[in-house]
Amino acid sequence: MSNVNGKVVLITGASSGIGEATARLLAAKGATVVLGARRLDRLEKLVASITDTGGVAACRALDVTSREDTQAFVDFAEQRFGRVDVIINNAGVMPLSRLDALKIEEWDRMIDVNIRGVLHGIAAGLPLMQRQRSGQFINIASIGAYAVSPTAAVYCATKYAVRAISEGLRQEVGGDIRVTLVSPGVTESELAESISDEGARAAMNDFRRIAIPAEAIARAITYAVEQPADVDVSELVVRPTASPY
């Protein structure tokens, strides 16, 4: 029997891309998936699709920039299913632009979703996992957590932060709680749709010609989840074979 079977797994940013693919794969392996995102209509369709094929799923509208909303999401999962085994902090945005474009509101949005969203997930789930004496955080970063490129300074900064937060959390919790950082390379998703800067959008569209499917990242996440409790897969970088970065 898979070590995924029966686990209660929470996924933020679950309405599309990596979040959706991960929800489908984990549910197929027997996990109970609790899905959060702003687009409730998409979540409800995903839950229906999973349950129609014999899986167990539930959803709740979620804005990860709200600490209260994130806490309510975790509380909803615990109240409905009795525990929380894994929290996948996946929600993210990527409106790339040069710094001299001064798209300050977009910088703030990236900081709020990509950094605060992860911290809110940790804050909501950590006390519960400590009481359970078990659990796992899987934080989704990017290859941008390892190298910076033009137009991506702020985005990369947020992903460097996720990398640092994940490593700090891993060192602090020890023993009972596992922490995994998954850093995707170019992956099929809706992230590029948030780019308002025309030059950055064109460059990203060209860059994404070698993108791997979201299912590739879902398999990496599943690998980390299915390890036995005494094995912590700390970091995974998953990118297209043809990618030079």
# chains A, B, ... in the order shown; residues from 1 in each chain; ligands from 1
>>> closest_atom_pairs(of="stretch 51-136 of chain A", to="stretch 175-181 of chain A", cutoff="7 Å", atoms="only C-alpha atoms", output="Markdown table")
| residue | atom | partner | partner_atom | distance |
| --- | --- | --- | --- | --- |
| A:Arg133 | CA | A:Asp176 | CA | 5.4 |
| A:Ser134 | CA | A:Asp176 | CA | 4.9 |
| A:Gly135 | CA | A:Ile177 | CA | 4.9 |
| A:Gln136 | CA | A:Arg178 | CA | 4.5 |
>>> write_last_selection(atoms="N, CA and C atoms", output="PDB file, in the first residue's frame")
ATOM      1  N   ARG A 133       2.444  15.621  16.377  1.00  0.00           N
ATOM      2  CA  ARG A 133       3.799  15.051  16.341  1.00  0.00           C
ATOM      3  C   ARG A 133       4.073  14.374  14.998  1.00  0.00           C
ATOM      4  N   SER A 134       3.531  14.964  13.951  1.00  0.00           N
ATOM      5  CA  SER A 134       3.801  14.491  12.596  1.00  0.00           C
ATOM      6  C   SER A 134       3.263  15.504  11.600  1.00  0.00           C
ATOM      7  N   GLY A 135       3.813  15.475  10.400  1.00  0.00           N
ATOM      8  CA  GLY A 135       3.338  16.359   9.343  1.00  0.00           C
ATOM      9  C   GLY A 135       4.449  16.673   8.357  1.00  0.00           C
ATOM     10  N   GLN A 136       4.072  17.346   7.288  1.00  0.00           N
ATOM     11  CA  GLN A 136       5.038  17.699   6.250  1.00  0.00           C
ATOM     12  C   GLN A 136       4.596  18.974   5.551  1.00  0.00           C
TER      13      GLN A 136
END
>>> residues_around(residues="A:Asn89", least_positions_apart="4", cutoff="10 Å", atoms="only C-alpha atoms", output="list in words")
Leu10, Ile11, Thr12, Gly13, Ala14, Gly19, Val64, Asn114, Gly117, Val118, Leu119, His120, Gly121, Ile122, Phe137, Ile138, Asn139, Ile140, Ala141, Val162 and Leu181 of chain A
>>> write_last_selection(atoms="all heavy atoms", output="compact mmCIF listing (two decimals), in the first residue's frame")
# COMPACT_ATOMS: atom_id res chain seq x y z
N LEU A 10 -3.31 19.18 2.07
CA LEU A 10 -3.85 20.49 1.71
C LEU A 10 -2.99 21.11 0.62
O LEU A 10 -1.75 21.08 0.71
CB LEU A 10 -3.87 21.41 2.93
CG LEU A 10 -5.01 21.22 3.95
CD1 LEU A 10 -5.04 19.82 4.51
CD2 LEU A 10 -4.90 22.26 5.06
N ILE A 11 -3.64 21.68 -0.39
CA ILE A 11 -2.92 22.28 -1.52
C ILE A 11 -3.45 23.68 -1.78
O ILE A 11 -4.65 23.85 -2.04
CB ILE A 11 -3.07 21.43 -2.80
CG1 ILE A 11 -2.68 19.97 -2.55
CG2 ILE A 11 -2.24 22.02 -3.93
CD1 ILE A 11 -2.95 19.04 -3.73
N THR A 12 -2.58 24.68 -1.71
CA THR A 12 -2.98 26.03 -2.09
C THR A 12 -2.69 26.24 -3.57
O THR A 12 -1.88 25.53 -4.17
CB THR A 12 -2.24 27.09 -1.25
OG1 THR A 12 -0.87 27.17 -1.66
CG2 THR A 12 -2.31 26.78 0.24
N GLY A 13 -3.37 27.21 -4.17
CA GLY A 13 -3.19 27.43 -5.61
C GLY A 13 -3.58 26.19 -6.40
O GLY A 13 -2.92 25.84 -7.38
N ALA A 14 -4.67 25.54 -5.99
CA ALA A 14 -5.02 24.23 -6.54
C ALA A 14 -5.93 24.28 -7.75
O ALA A 14 -6.32 23.23 -8.26
CB ALA A 14 -5.66 23.37 -5.44
N GLY A 19 -0.78 22.79 -8.93
CA GLY A 19 -1.71 22.46 -7.85
C GLY A 19 -2.77 21.47 -8.29
O GLY A 19 -3.04 20.48 -7.60
N VAL A 64 -4.38 33.31 0.04
CA VAL A 64 -3.25 33.05 0.94
C VAL A 64 -2.63 34.32 1.50
O VAL A 64 -1.86 34.26 2.46
CB VAL A 64 -2.15 32.20 0.25
CG1 VAL A 64 -2.68 30.84 -0.14
CG2 VAL A 64 -1.54 32.93 -0.94
N ASN A 114 3.78 35.18 -2.70
CA ASN A 114 4.87 34.20 -2.75
C ASN A 114 5.60 34.02 -1.43
O ASN A 114 6.11 32.93 -1.15
CB ASN A 114 5.88 34.61 -3.82
CG ASN A 114 5.29 34.63 -5.22
OD1 ASN A 114 4.13 34.31 -5.42
ND2 ASN A 114 6.09 35.03 -6.20
N GLY A 117 2.24 34.30 1.71
CA GLY A 117 1.36 33.14 1.54
C GLY A 117 1.96 31.88 2.12
O GLY A 117 1.27 31.08 2.77
N VAL A 118 3.26 31.68 1.90
CA VAL A 118 3.95 30.51 2.47
C VAL A 118 4.01 30.62 3.98
O VAL A 118 3.75 29.64 4.70
CB VAL A 118 5.36 30.38 1.86
CG1 VAL A 118 6.18 29.32 2.60
CG2 VAL A 118 5.27 30.03 0.38
N LEU A 119 4.36 31.79 4.49
CA LEU A 119 4.43 31.98 5.94
C LEU A 119 3.07 31.77 6.59
O LEU A 119 2.98 31.19 7.68
CB LEU A 119 4.96 33.38 6.25
CG LEU A 119 6.45 33.61 5.96
CD1 LEU A 119 6.79 35.09 6.09
CD2 LEU A 119 7.33 32.77 6.88
N HIS A 120 2.01 32.23 5.93
CA HIS A 120 0.67 32.03 6.49
C HIS A 120 0.33 30.54 6.55
O HIS A 120 -0.28 30.07 7.52
CB HIS A 120 -0.36 32.77 5.65
CG HIS A 120 -0.28 34.26 5.79
ND1 HIS A 120 -0.87 35.12 4.88
CD2 HIS A 120 0.31 35.05 6.73
CE1 HIS A 120 -0.64 36.37 5.26
NE2 HIS A 120 0.08 36.34 6.37
N GLY A 121 0.73 29.78 5.51
CA GLY A 121 0.51 28.34 5.52
C GLY A 121 1.25 27.66 6.65
O GLY A 121 0.71 26.76 7.33
N ILE A 122 2.48 28.09 6.89
CA ILE A 122 3.26 27.54 7.99
C ILE A 122 2.64 27.91 9.33
O ILE A 122 2.48 27.06 10.22
CB ILE A 122 4.72 28.02 7.91
CG1 ILE A 122 5.41 27.43 6.67
CG2 ILE A 122 5.49 27.66 9.18
CD1 ILE A 122 6.74 28.07 6.35
N PHE A 137 5.54 19.89 5.40
CA PHE A 137 5.34 21.07 4.57
C PHE A 137 6.09 20.87 3.26
O PHE A 137 7.28 20.50 3.28
CB PHE A 137 5.86 22.34 5.26
CG PHE A 137 5.04 22.80 6.42
CD1 PHE A 137 5.41 22.48 7.72
CD2 PHE A 137 3.89 23.54 6.22
CE1 PHE A 137 4.65 22.89 8.80
CE2 PHE A 137 3.12 23.97 7.29
CZ PHE A 137 3.51 23.64 8.59
N ILE A 138 5.43 21.12 2.16
CA ILE A 138 6.08 21.12 0.85
C ILE A 138 5.89 22.51 0.26
O ILE A 138 4.77 22.92 -0.04
CB ILE A 138 5.51 20.03 -0.07
CG1 ILE A 138 5.73 18.66 0.55
CG2 ILE A 138 6.17 20.11 -1.44
CD1 ILE A 138 5.20 17.51 -0.28
N ASN A 139 6.98 23.25 0.15
CA ASN A 139 6.93 24.61 -0.35
C ASN A 139 7.44 24.65 -1.78
O ASN A 139 8.51 24.13 -2.08
CB ASN A 139 7.77 25.53 0.54
CG ASN A 139 7.26 25.57 1.97
OD1 ASN A 139 6.06 25.44 2.21
ND2 ASN A 139 8.16 25.74 2.92
N ILE A 140 6.66 25.27 -2.66
CA ILE A 140 7.02 25.31 -4.07
C ILE A 140 7.78 26.61 -4.35
O ILE A 140 7.24 27.71 -4.19
CB ILE A 140 5.77 25.23 -4.97
CG1 ILE A 140 4.91 24.00 -4.57
CG2 ILE A 140 6.19 25.15 -6.43
CD1 ILE A 140 5.64 22.68 -4.61
N ALA A 141 9.03 26.47 -4.74
CA ALA A 141 9.86 27.63 -5.08
C ALA A 141 10.00 27.71 -6.60
O ALA A 141 9.00 27.79 -7.32
CB ALA A 141 11.22 27.54 -4.39
N VAL A 162 11.57 31.86 -0.06
CA VAL A 162 10.91 30.57 0.20
C VAL A 162 11.94 29.49 0.49
O VAL A 162 11.76 28.66 1.39
CB VAL A 162 10.01 30.17 -0.98
CG1 VAL A 162 9.48 28.75 -0.81
CG2 VAL A 162 8.85 31.15 -1.13
N LEU A 181 11.44 21.36 -0.14
CA LEU A 181 11.41 22.46 -1.11
C LEU A 181 11.42 21.85 -2.50
O LEU A 181 12.33 21.09 -2.85
CB LEU A 181 12.62 23.37 -0.92
CG LEU A 181 12.70 24.57 -1.86
CD1 LEU A 181 11.71 25.65 -1.43
CD2 LEU A 181 14.11 25.15 -1.89
>>> residues_around(residues="A:Ala21", least_positions_apart="4", cutoff="8 Å", atoms="only C-alpha atoms", output="VMD selection string")
chain A and resid 16 to 17 25 214 to 215 218
>>> residues_around(residues="A:Ser149", least_positions_apart="2", cutoff="12 Å", atoms="only C-alpha atoms", output="PyMOL selection string")
chain A and resi 96-99+143-147+151-157+200+203-204+245
>>> write_last_selection(atoms="C-alpha atoms", output="mmCIF file, in the first residue's frame")
data_model
loop_
_atom_site.group_PDB
_atom_site.id
_atom_site.type_symbol
_atom_site.label_atom_id
_atom_site.label_comp_id
_atom_site.auth_asym_id
_atom_site.auth_seq_id
_atom_site.Cartn_x
_atom_site.Cartn_y
_atom_site.Cartn_z
ATOM 1 C CA LEU A 96 7.999 39.818 -14.388
ATOM 2 C CA SER A 97 9.379 43.237 -15.336
ATOM 3 C CA ARG A 98 12.586 45.251 -15.182
ATOM 4 C CA LEU A 99 13.111 47.129 -11.942
ATOM 5 C CA ILE A 143 14.795 27.595 -10.294
ATOM 6 C CA GLY A 144 14.581 31.329 -9.620
ATOM 7 C CA ALA A 145 15.514 30.429 -6.031
ATOM 8 C CA TYR A 146 19.031 29.591 -7.255
ATOM 9 C CA ALA A 147 19.806 32.194 -9.948
ATOM 10 C CA THR A 151 13.081 41.106 -15.334
ATOM 11 C CA ALA A 152 12.933 38.499 -12.552
ATOM 12 C CA ALA A 153 14.727 40.255 -9.693
ATOM 13 C CA VAL A 154 11.725 40.571 -7.383
ATOM 14 C CA TYR A 155 10.260 37.203 -8.352
ATOM 15 C CA CYS A 156 13.587 35.504 -7.707
ATOM 16 C CA ALA A 157 13.903 37.375 -4.410
ATOM 17 C CA ALA A 200 9.023 40.366 -20.278
ATOM 18 C CA ALA A 203 10.758 36.770 -23.476
ATOM 19 C CA MET A 204 8.925 34.364 -21.188
ATOM 20 C CA TYR A 245 19.169 27.165 -16.614
#
>>> select_by_dssp(residues="stretch 6-238 of chain A", states="alpha helix (DSSP H)", output="ChimeraX atom specification")
/A:17-28,40-52,67-81,104-110,117-132,153-173,198-207,214-225
>>> residues_around(residues="A:Asp85", least_positions_apart="4", cutoff="6 Å", atoms="only C-alpha atoms", output="JSON, numbers by chain")
{"A": [7, 8, 9, 135]}
>>> closest_residue(among="A:Met110, A:Val4, A:Ile18, A:Val238", to="A:Glu188", atoms="only C-alpha atoms")
A:Ile18
>>> atom_distance(atom1="atom CA of A:Ala61", atom2="atom CA of A:Asp108")
21.8 Å
>>> atom_distance(atom1="atom CA of A:Thr32", atom2="atom CA of A:Val47")
10.8 Å
